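Text of entry-v5.cif (mmCIF, N, CA and C atoms) as supplied:
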data_target
#
loop_
_atom_site.label_atom_id
_atom_site.label_comp_id
_atom_site.auth_asym_id
_atom_site.auth_seq_id
_atom_site.Cartn_x
_atom_site.Cartn_y
_atom_site.Cartn_z
N MET A 961 35.45 -6.84 19.49
CA MET A 961 34.07 -6.39 19.45
C MET A 961 33.99 -4.91 19.03
N GLN A 962 34.93 -4.11 19.51
CA GLN A 962 34.93 -2.69 19.18
C GLN A 962 35.09 -2.49 17.67
N ASN A 963 35.93 -3.31 17.03
CA ASN A 963 36.13 -3.18 15.59
C ASN A 963 34.83 -3.45 14.83
N ASP A 964 34.10 -4.47 15.26
CA ASP A 964 32.81 -4.76 14.63
C ASP A 964 31.83 -3.61 14.80
N ASN A 965 31.82 -3.01 15.99
CA ASN A 965 30.93 -1.87 16.24
C ASN A 965 31.29 -0.69 15.37
N SER A 966 32.58 -0.44 15.18
CA SER A 966 32.97 0.70 14.35
C SER A 966 32.63 0.44 12.88
N LYS A 967 32.75 -0.80 12.42
CA LYS A 967 32.36 -1.13 11.05
C LYS A 967 30.86 -0.94 10.86
N THR A 968 30.12 -1.40 11.85
CA THR A 968 28.66 -1.26 11.80
C THR A 968 28.28 0.21 11.79
N GLN A 969 28.91 1.01 12.65
CA GLN A 969 28.59 2.43 12.71
C GLN A 969 28.94 3.13 11.40
N LYS A 970 30.05 2.75 10.78
CA LYS A 970 30.42 3.34 9.48
C LYS A 970 29.37 3.00 8.42
N ALA A 971 28.89 1.76 8.43
CA ALA A 971 27.86 1.35 7.46
C ALA A 971 26.57 2.12 7.70
N ILE A 972 26.19 2.27 8.96
CA ILE A 972 24.98 3.03 9.28
C ILE A 972 25.13 4.48 8.84
N ASN A 973 26.29 5.06 9.08
CA ASN A 973 26.55 6.44 8.68
C ASN A 973 26.43 6.62 7.17
N LYS A 974 26.89 5.62 6.40
CA LYS A 974 26.79 5.69 4.94
C LYS A 974 25.33 5.64 4.50
N VAL A 975 24.55 4.78 5.14
CA VAL A 975 23.13 4.68 4.81
C VAL A 975 22.43 6.00 5.12
N VAL A 976 22.71 6.54 6.30
CA VAL A 976 22.09 7.80 6.71
C VAL A 976 22.48 8.92 5.73
N ALA A 977 23.75 8.98 5.37
CA ALA A 977 24.21 10.02 4.44
C ALA A 977 23.51 9.88 3.08
N TYR A 978 23.39 8.64 2.59
CA TYR A 978 22.71 8.41 1.31
C TYR A 978 21.27 8.91 1.37
N LEU A 979 20.57 8.55 2.44
CA LEU A 979 19.18 8.95 2.57
C LEU A 979 19.03 10.47 2.68
N GLN A 980 19.92 11.10 3.43
CA GLN A 980 19.86 12.56 3.56
C GLN A 980 20.16 13.24 2.23
N GLU A 981 21.12 12.71 1.49
CA GLU A 981 21.46 13.29 0.19
C GLU A 981 20.29 13.18 -0.79
N ASN A 982 19.43 12.21 -0.57
CA ASN A 982 18.28 12.01 -1.44
C ASN A 982 17.00 12.56 -0.82
N ASN A 983 17.17 13.52 0.09
CA ASN A 983 16.05 14.21 0.73
C ASN A 983 15.05 13.28 1.39
N GLN A 984 15.55 12.25 2.03
CA GLN A 984 14.72 11.30 2.75
C GLN A 984 15.07 11.36 4.24
N ARG A 985 14.86 12.52 4.83
CA ARG A 985 15.26 12.74 6.23
C ARG A 985 14.51 11.85 7.22
N ALA A 986 13.24 11.58 6.95
CA ALA A 986 12.48 10.71 7.86
C ALA A 986 13.06 9.30 7.84
N TYR A 987 13.46 8.83 6.67
CA TYR A 987 14.07 7.51 6.57
C TYR A 987 15.42 7.49 7.29
N ALA A 988 16.20 8.54 7.10
CA ALA A 988 17.51 8.62 7.77
C ALA A 988 17.34 8.61 9.29
N THR A 989 16.35 9.34 9.76
CA THR A 989 16.07 9.38 11.20
C THR A 989 15.63 8.01 11.70
N ALA A 990 14.82 7.31 10.92
CA ALA A 990 14.37 5.97 11.30
C ALA A 990 15.55 5.01 11.43
N VAL A 991 16.50 5.10 10.50
CA VAL A 991 17.69 4.24 10.56
C VAL A 991 18.49 4.57 11.83
N GLN A 992 18.68 5.85 12.10
CA GLN A 992 19.41 6.24 13.31
C GLN A 992 18.69 5.78 14.57
N ASN A 993 17.38 5.94 14.61
CA ASN A 993 16.61 5.52 15.78
C ASN A 993 16.69 4.01 15.99
N ALA A 994 16.56 3.26 14.92
CA ALA A 994 16.63 1.81 15.02
C ALA A 994 18.02 1.36 15.50
N ALA A 995 19.05 1.99 14.96
CA ALA A 995 20.42 1.65 15.40
C ALA A 995 20.60 1.98 16.87
N GLY A 996 20.07 3.10 17.30
CA GLY A 996 20.16 3.48 18.71
C GLY A 996 19.43 2.49 19.61
N ARG A 997 18.28 2.01 19.17
CA ARG A 997 17.53 1.02 19.95
C ARG A 997 18.31 -0.29 20.07
N VAL A 998 18.94 -0.70 18.98
CA VAL A 998 19.73 -1.93 19.01
C VAL A 998 20.90 -1.78 19.97
N LEU A 999 21.61 -0.66 19.89
CA LEU A 999 22.75 -0.43 20.78
C LEU A 999 22.31 -0.38 22.24
N THR A 1000 21.18 0.25 22.50
CA THR A 1000 20.66 0.33 23.86
C THR A 1000 20.30 -1.06 24.37
N TYR A 1001 19.66 -1.84 23.53
CA TYR A 1001 19.29 -3.21 23.91
C TYR A 1001 20.54 -4.05 24.18
N GLU A 1002 21.53 -3.95 23.27
CA GLU A 1002 22.76 -4.75 23.41
C GLU A 1002 23.55 -4.37 24.65
N SER A 1003 23.46 -3.11 25.07
CA SER A 1003 24.19 -2.68 26.26
C SER A 1003 23.50 -3.11 27.55
N GLY A 1004 22.29 -3.64 27.42
CA GLY A 1004 21.55 -4.09 28.60
C GLY A 1004 20.71 -3.01 29.25
N GLU A 1005 20.67 -1.82 28.66
CA GLU A 1005 19.91 -0.72 29.24
C GLU A 1005 18.42 -0.81 28.92
N MET A 1006 18.06 -1.55 27.87
CA MET A 1006 16.65 -1.70 27.51
C MET A 1006 16.29 -3.17 27.71
N ARG A 1007 15.33 -3.40 28.56
CA ARG A 1007 14.94 -4.77 28.86
C ARG A 1007 13.99 -5.36 27.82
N VAL A 1008 13.08 -4.57 27.34
CA VAL A 1008 12.10 -5.04 26.37
C VAL A 1008 12.16 -4.13 25.16
N GLY A 1009 12.30 -4.74 24.00
CA GLY A 1009 12.31 -3.96 22.77
C GLY A 1009 10.90 -3.59 22.36
N ASN A 1010 10.56 -2.34 22.46
CA ASN A 1010 9.23 -1.88 22.06
C ASN A 1010 9.16 -1.78 20.54
N TYR A 1011 8.09 -2.29 19.99
CA TYR A 1011 7.85 -2.21 18.54
C TYR A 1011 7.32 -0.83 18.21
N ASN A 1012 7.89 -0.20 17.21
CA ASN A 1012 7.43 1.11 16.78
C ASN A 1012 7.03 1.00 15.31
N LYS A 1013 5.73 1.06 15.06
CA LYS A 1013 5.21 0.86 13.71
C LYS A 1013 5.76 1.88 12.72
N LYS A 1014 5.89 3.14 13.15
CA LYS A 1014 6.37 4.19 12.25
C LYS A 1014 7.83 3.95 11.86
N ILE A 1015 8.67 3.62 12.84
CA ILE A 1015 10.08 3.35 12.53
C ILE A 1015 10.19 2.14 11.62
N ASN A 1016 9.43 1.09 11.91
CA ASN A 1016 9.48 -0.11 11.09
C ASN A 1016 9.06 0.19 9.65
N ARG A 1017 8.00 0.97 9.48
CA ARG A 1017 7.54 1.32 8.14
C ARG A 1017 8.60 2.11 7.38
N TRP A 1018 9.20 3.09 8.04
CA TRP A 1018 10.21 3.92 7.37
C TRP A 1018 11.48 3.12 7.08
N LEU A 1019 11.82 2.20 7.94
CA LEU A 1019 12.98 1.33 7.65
C LEU A 1019 12.71 0.48 6.42
N THR A 1020 11.53 -0.09 6.35
CA THR A 1020 11.15 -0.91 5.20
C THR A 1020 11.17 -0.08 3.93
N GLU A 1021 10.59 1.11 3.99
CA GLU A 1021 10.55 1.97 2.81
C GLU A 1021 11.95 2.44 2.41
N SER A 1022 12.80 2.70 3.38
CA SER A 1022 14.17 3.13 3.05
C SER A 1022 14.94 2.01 2.37
N LEU A 1023 14.75 0.77 2.83
CA LEU A 1023 15.41 -0.36 2.18
C LEU A 1023 14.90 -0.54 0.75
N PHE A 1024 13.59 -0.38 0.57
CA PHE A 1024 13.01 -0.47 -0.76
C PHE A 1024 13.60 0.61 -1.67
N LEU A 1025 13.69 1.82 -1.17
CA LEU A 1025 14.26 2.93 -1.94
C LEU A 1025 15.69 2.63 -2.36
N MET A 1026 16.49 2.18 -1.40
CA MET A 1026 17.90 1.91 -1.69
C MET A 1026 18.07 0.75 -2.67
N ASN A 1027 17.26 -0.30 -2.50
CA ASN A 1027 17.36 -1.46 -3.40
C ASN A 1027 16.84 -1.15 -4.79
N SER A 1028 15.98 -0.16 -4.92
CA SER A 1028 15.41 0.21 -6.21
C SER A 1028 16.28 1.20 -6.99
N ASP A 1029 17.23 1.82 -6.32
CA ASP A 1029 18.07 2.84 -6.93
C ASP A 1029 19.33 2.20 -7.52
N PRO A 1030 19.46 2.17 -8.83
CA PRO A 1030 20.65 1.55 -9.44
C PRO A 1030 21.93 2.33 -9.12
N ASN A 1031 21.81 3.57 -8.69
CA ASN A 1031 22.99 4.37 -8.36
C ASN A 1031 23.36 4.32 -6.88
N CYS A 1032 22.62 3.57 -6.11
CA CYS A 1032 22.91 3.46 -4.68
C CYS A 1032 24.15 2.59 -4.49
N PRO A 1033 25.14 3.09 -3.77
CA PRO A 1033 26.33 2.27 -3.56
C PRO A 1033 26.00 1.05 -2.68
N PRO A 1034 26.68 -0.05 -2.93
CA PRO A 1034 26.40 -1.27 -2.14
C PRO A 1034 26.78 -1.13 -0.68
#

Before anything else, please render the file you have as structure tokens.
Amino acid sequence: MQNDNSKTQKAINKVVAYLQENNQRAYATAVQNAAGRVLTYESGEMRVGNYNKKINRWLTESLFLMNSDPNCPP
């Protein structure tokens, strides 16, 4: 399980770095916040996942940005 978590964290770090390099700090923060919420939920510390419209919007927009950029690494 630890190996999967480290792979996931490396992937998240790459996404965050890409977004920061492209001056999309709000999107990078949204990705970090969403990842933190997932980890908190998986650890059992969060009983109910609260929906956050702003984070959801920025996550959606960051995915759109990355998928639209032909120079974005896979």

| task | Just give me the gap between atom C of Gln980 (chain A) and CA of Thr1000 (chain A) in Å, one decimal is fine. | result | 25.2 Å

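Shell of Ala977 (chain A) at 12 Å, with only C-alpha atoms counted and residues fewer than 2 places along the chain excluded, is Lys970, Ala971, Ile972, Asn973, Lys974, Val975, Leu979, Gln980, Glu981, Asn982, Asn983, Gln984, Arg985, Tyr987, Ala988, Thr989, Val991, Gln992, Met1026, Cys1032 and Pro1033 of chain A.
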
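The space between CA of Ser1028 (chain A) and CA of Thr968 (chain A) spans 22.4 Å.
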
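The spacing separating atom C of Leu1023 (chain A) from atom C of Glu1002 (chain A) amounts to 25.7 Å.
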
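Considering the residues A:Ser966, A:Asn1031, A:Ser1003, A:Thr1020 and counting only C-alpha atoms, Tyr978 (chain A) has its shortest atom-to-atom contact with A:Asn1031.
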
Using the chain letters and numbers from this document, which residues of chain A does DSSP assign to alpha helix (DSSP H), as a JSON list (two decimals) with N, CA and C atoms, in the coordinates of the input?
[["chain", "number", "residue", "atom", "x", "y", "z"],
["A", 962, "GLN", "N", 34.93, -4.11, 19.51],
["A", 962, "GLN", "CA", 34.93, -2.69, 19.18],
["A", 962, "GLN", "C", 35.09, -2.49, 17.67],
["A", 963, "ASN", "N", 35.93, -3.31, 17.03],
["A", 963, "ASN", "CA", 36.13, -3.18, 15.59],
["A", 963, "ASN", "C", 34.83, -3.45, 14.83],
["A", 964, "ASP", "N", 34.10, -4.47, 15.26],
["A", 964, "ASP", "CA", 32.81, -4.76, 14.63],
["A", 964, "ASP", "C", 31.83, -3.61, 14.80],
["A", 965, "ASN", "N", 31.82, -3.01, 15.99],
["A", 965, "ASN", "CA", 30.93, -1.87, 16.24],
["A", 965, "ASN", "C", 31.29, -0.69, 15.37],
["A", 966, "SER", "N", 32.58, -0.44, 15.18],
["A", 966, "SER", "CA", 32.97, 0.70, 14.35],
["A", 966, "SER", "C", 32.63, 0.44, 12.88],
["A", 967, "LYS", "N", 32.75, -0.80, 12.42],
["A", 967, "LYS", "CA", 32.36, -1.13, 11.05],
["A", 967, "LYS", "C", 30.86, -0.94, 10.86],
["A", 968, "THR", "N", 30.12, -1.40, 11.85],
["A", 968, "THR", "CA", 28.66, -1.26, 11.80],
["A", 968, "THR", "C", 28.28, 0.21, 11.79],
["A", 969, "GLN", "N", 28.91, 1.01, 12.65],
["A", 969, "GLN", "CA", 28.59, 2.43, 12.71],
["A", 969, "GLN", "C", 28.94, 3.13, 11.40],
["A", 970, "LYS", "N", 30.05, 2.75, 10.78],
["A", 970, "LYS", "CA", 30.42, 3.34, 9.48],
["A", 970, "LYS", "C", 29.37, 3.00, 8.42],
["A", 971, "ALA", "N", 28.89, 1.76, 8.43],
["A", 971, "ALA", "CA", 27.86, 1.35, 7.46],
["A", 971, "ALA", "C", 26.57, 2.12, 7.70],
["A", 972, "ILE", "N", 26.19, 2.27, 8.96],
["A", 972, "ILE", "CA", 24.98, 3.03, 9.28],
["A", 972, "ILE", "C", 25.13, 4.48, 8.84],
["A", 973, "ASN", "N", 26.29, 5.06, 9.08],
["A", 973, "ASN", "CA", 26.55, 6.44, 8.68],
["A", 973, "ASN", "C", 26.43, 6.62, 7.17],
["A", 974, "LYS", "N", 26.89, 5.62, 6.40],
["A", 974, "LYS", "CA", 26.79, 5.69, 4.94],
["A", 974, "LYS", "C", 25.33, 5.64, 4.50],
["A", 975, "VAL", "N", 24.55, 4.78, 5.14],
["A", 975, "VAL", "CA", 23.13, 4.68, 4.81],
["A", 975, "VAL", "C", 22.43, 6.00, 5.12],
["A", 976, "VAL", "N", 22.71, 6.54, 6.30],
["A", 976, "VAL", "CA", 22.09, 7.80, 6.71],
["A", 976, "VAL", "C", 22.48, 8.92, 5.73],
["A", 977, "ALA", "N", 23.75, 8.98, 5.37],
["A", 977, "ALA", "CA", 24.21, 10.02, 4.44],
["A", 977, "ALA", "C", 23.51, 9.88, 3.08],
["A", 978, "TYR", "N", 23.39, 8.64, 2.59],
["A", 978, "TYR", "CA", 22.71, 8.41, 1.31],
["A", 978, "TYR", "C", 21.27, 8.91, 1.37],
["A", 979, "LEU", "N", 20.57, 8.55, 2.44],
["A", 979, "LEU", "CA", 19.18, 8.95, 2.57],
["A", 979, "LEU", "C", 19.03, 10.47, 2.68],
["A", 980, "GLN", "N", 19.92, 11.10, 3.43],
["A", 980, "GLN", "CA", 19.86, 12.56, 3.56],
["A", 980, "GLN", "C", 20.16, 13.24, 2.23],
["A", 981, "GLU", "N", 21.12, 12.71, 1.49],
["A", 981, "GLU", "CA", 21.46, 13.29, 0.19],
["A", 981, "GLU", "C", 20.29, 13.18, -0.79],
["A", 985, "ARG", "N", 14.86, 12.52, 4.83],
["A", 985, "ARG", "CA", 15.26, 12.74, 6.23],
["A", 985, "ARG", "C", 14.51, 11.85, 7.22],
["A", 986, "ALA", "N", 13.24, 11.58, 6.95],
["A", 986, "ALA", "CA", 12.48, 10.71, 7.86],
["A", 986, "ALA", "C", 13.06, 9.30, 7.84],
["A", 987, "TYR", "N", 13.46, 8.83, 6.67],
["A", 987, "TYR", "CA", 14.07, 7.51, 6.57],
["A", 987, "TYR", "C", 15.42, 7.49, 7.29],
["A", 988, "ALA", "N", 16.20, 8.54, 7.10],
["A", 988, "ALA", "CA", 17.51, 8.62, 7.77],
["A", 988, "ALA", "C", 17.34, 8.61, 9.29],
["A", 989, "THR", "N", 16.35, 9.34, 9.76],
["A", 989, "THR", "CA", 16.07, 9.38, 11.20],
["A", 989, "THR", "C", 15.63, 8.01, 11.70],
["A", 990, "ALA", "N", 14.82, 7.31, 10.92],
["A", 990, "ALA", "CA", 14.37, 5.97, 11.30],
["A", 990, "ALA", "C", 15.55, 5.01, 11.43],
["A", 991, "VAL", "N", 16.50, 5.10, 10.50],
["A", 991, "VAL", "CA", 17.69, 4.24, 10.56],
["A", 991, "VAL", "C", 18.49, 4.57, 11.83],
["A", 992, "GLN", "N", 18.68, 5.85, 12.10],
["A", 992, "GLN", "CA", 19.41, 6.24, 13.31],
["A", 992, "GLN", "C", 18.69, 5.78, 14.57],
["A", 993, "ASN", "N", 17.38, 5.94, 14.61],
["A", 993, "ASN", "CA", 16.61, 5.52, 15.78],
["A", 993, "ASN", "C", 16.69, 4.01, 15.99],
["A", 994, "ALA", "N", 16.56, 3.26, 14.92],
["A", 994, "ALA", "CA", 16.63, 1.81, 15.02],
["A", 994, "ALA", "C", 18.02, 1.36, 15.50],
["A", 995, "ALA", "N", 19.05, 1.99, 14.96],
["A", 995, "ALA", "CA", 20.42, 1.65, 15.40],
["A", 995, "ALA", "C", 20.60, 1.98, 16.87],
["A", 996, "GLY", "N", 20.07, 3.10, 17.30],
["A", 996, "GLY", "CA", 20.16, 3.48, 18.71],
["A", 996, "GLY", "C", 19.43, 2.49, 19.61],
["A", 997, "ARG", "N", 18.28, 2.01, 19.17],
["A", 997, "ARG", "CA", 17.53, 1.02, 19.95],
["A", 997, "ARG", "C", 18.31, -0.29, 20.07],
["A", 998, "VAL", "N", 18.94, -0.70, 18.98],
["A", 998, "VAL", "CA", 19.73, -1.93, 19.01],
["A", 998, "VAL", "C", 20.90, -1.78, 19.97],
["A", 999, "LEU", "N", 21.61, -0.66, 19.89],
["A", 999, "LEU", "CA", 22.75, -0.43, 20.78],
["A", 999, "LEU", "C", 22.31, -0.38, 22.24],
["A", 1000, "THR", "N", 21.18, 0.25, 22.50],
["A", 1000, "THR", "CA", 20.66, 0.33, 23.86],
["A", 1000, "THR", "C", 20.30, -1.06, 24.37],
["A", 1001, "TYR", "N", 19.66, -1.84, 23.53],
["A", 1001, "TYR", "CA", 19.29, -3.21, 23.91],
["A", 1001, "TYR", "C", 20.54, -4.05, 24.18],
["A", 1002, "GLU", "N", 21.53, -3.95, 23.27],
["A", 1002, "GLU", "CA", 22.76, -4.75, 23.41],
["A", 1002, "GLU", "C", 23.55, -4.37, 24.65],
["A", 1013, "LYS", "N", 5.73, 1.06, 15.06],
["A", 1013, "LYS", "CA", 5.21, 0.86, 13.71],
["A", 1013, "LYS", "C", 5.76, 1.88, 12.72],
["A", 1014, "LYS", "N", 5.89, 3.14, 13.15],
["A", 1014, "LYS", "CA", 6.37, 4.19, 12.25],
["A", 1014, "LYS", "C", 7.83, 3.95, 11.86],
["A", 1015, "ILE", "N", 8.67, 3.62, 12.84],
["A", 1015, "ILE", "CA", 10.08, 3.35, 12.53],
["A", 1015, "ILE", "C", 10.19, 2.14, 11.62],
["A", 1016, "ASN", "N", 9.43, 1.09, 11.91],
["A", 1016, "ASN", "CA", 9.48, -0.11, 11.09],
["A", 1016, "ASN", "C", 9.06, 0.19, 9.65],
["A", 1017, "ARG", "N", 8.00, 0.97, 9.48],
["A", 1017, "ARG", "CA", 7.54, 1.32, 8.14],
["A", 1017, "ARG", "C", 8.60, 2.11, 7.38],
["A", 1018, "TRP", "N", 9.20, 3.09, 8.04],
["A", 1018, "TRP", "CA", 10.21, 3.92, 7.37],
["A", 1018, "TRP", "C", 11.48, 3.12, 7.08],
["A", 1019, "LEU", "N", 11.82, 2.20, 7.94],
["A", 1019, "LEU", "CA", 12.98, 1.33, 7.65],
["A", 1019, "LEU", "C", 12.71, 0.48, 6.42],
["A", 1020, "THR", "N", 11.53, -0.09, 6.35],
["A", 1020, "THR", "CA", 11.15, -0.91, 5.20],
["A", 1020, "THR", "C", 11.17, -0.08, 3.93],
["A", 1021, "GLU", "N", 10.59, 1.11, 3.99],
["A", 1021, "GLU", "CA", 10.55, 1.97, 2.81],
["A", 1021, "GLU", "C", 11.95, 2.44, 2.41],
["A", 1022, "SER", "N", 12.80, 2.70, 3.38],
["A", 1022, "SER", "CA", 14.17, 3.13, 3.05],
["A", 1022, "SER", "C", 14.94, 2.01, 2.37],
["A", 1023, "LEU", "N", 14.75, 0.77, 2.83],
["A", 1023, "LEU", "CA", 15.41, -0.36, 2.18],
["A", 1023, "LEU", "C", 14.90, -0.54, 0.75],
["A", 1024, "PHE", "N", 13.59, -0.38, 0.57],
["A", 1024, "PHE", "CA", 13.01, -0.47, -0.76],
["A", 1024, "PHE", "C", 13.60, 0.61, -1.67],
["A", 1025, "LEU", "N", 13.69, 1.82, -1.17],
["A", 1025, "LEU", "CA", 14.26, 2.93, -1.94],
["A", 1025, "LEU", "C", 15.69, 2.63, -2.36],
["A", 1026, "MET", "N", 16.49, 2.18, -1.40],
["A", 1026, "MET", "CA", 17.90, 1.91, -1.69],
["A", 1026, "MET", "C", 18.07, 0.75, -2.67],
["A", 1027, "ASN", "N", 17.26, -0.30, -2.50],
["A", 1027, "ASN", "CA", 17.36, -1.46, -3.40],
["A", 1027, "ASN", "C", 16.84, -1.15, -4.79],
["A", 1028, "SER", "N", 15.98, -0.16, -4.92],
["A", 1028, "SER", "CA", 15.41, 0.21, -6.21],
["A", 1028, "SER", "C", 16.28, 1.20, -6.99]]

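The smallest atom-to-atom distance between Leu1019 (chain A) and any of A:Val976, A:Gly1004, A:Ala990, A:Arg997, using only C-alpha atoms, is found for A:Ala990.
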
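Closest to Leu999 (chain A) among A:Ala986, A:Gln969, A:Leu1025, A:Asn1016 is A:Gln969, based on only C-alpha atoms.
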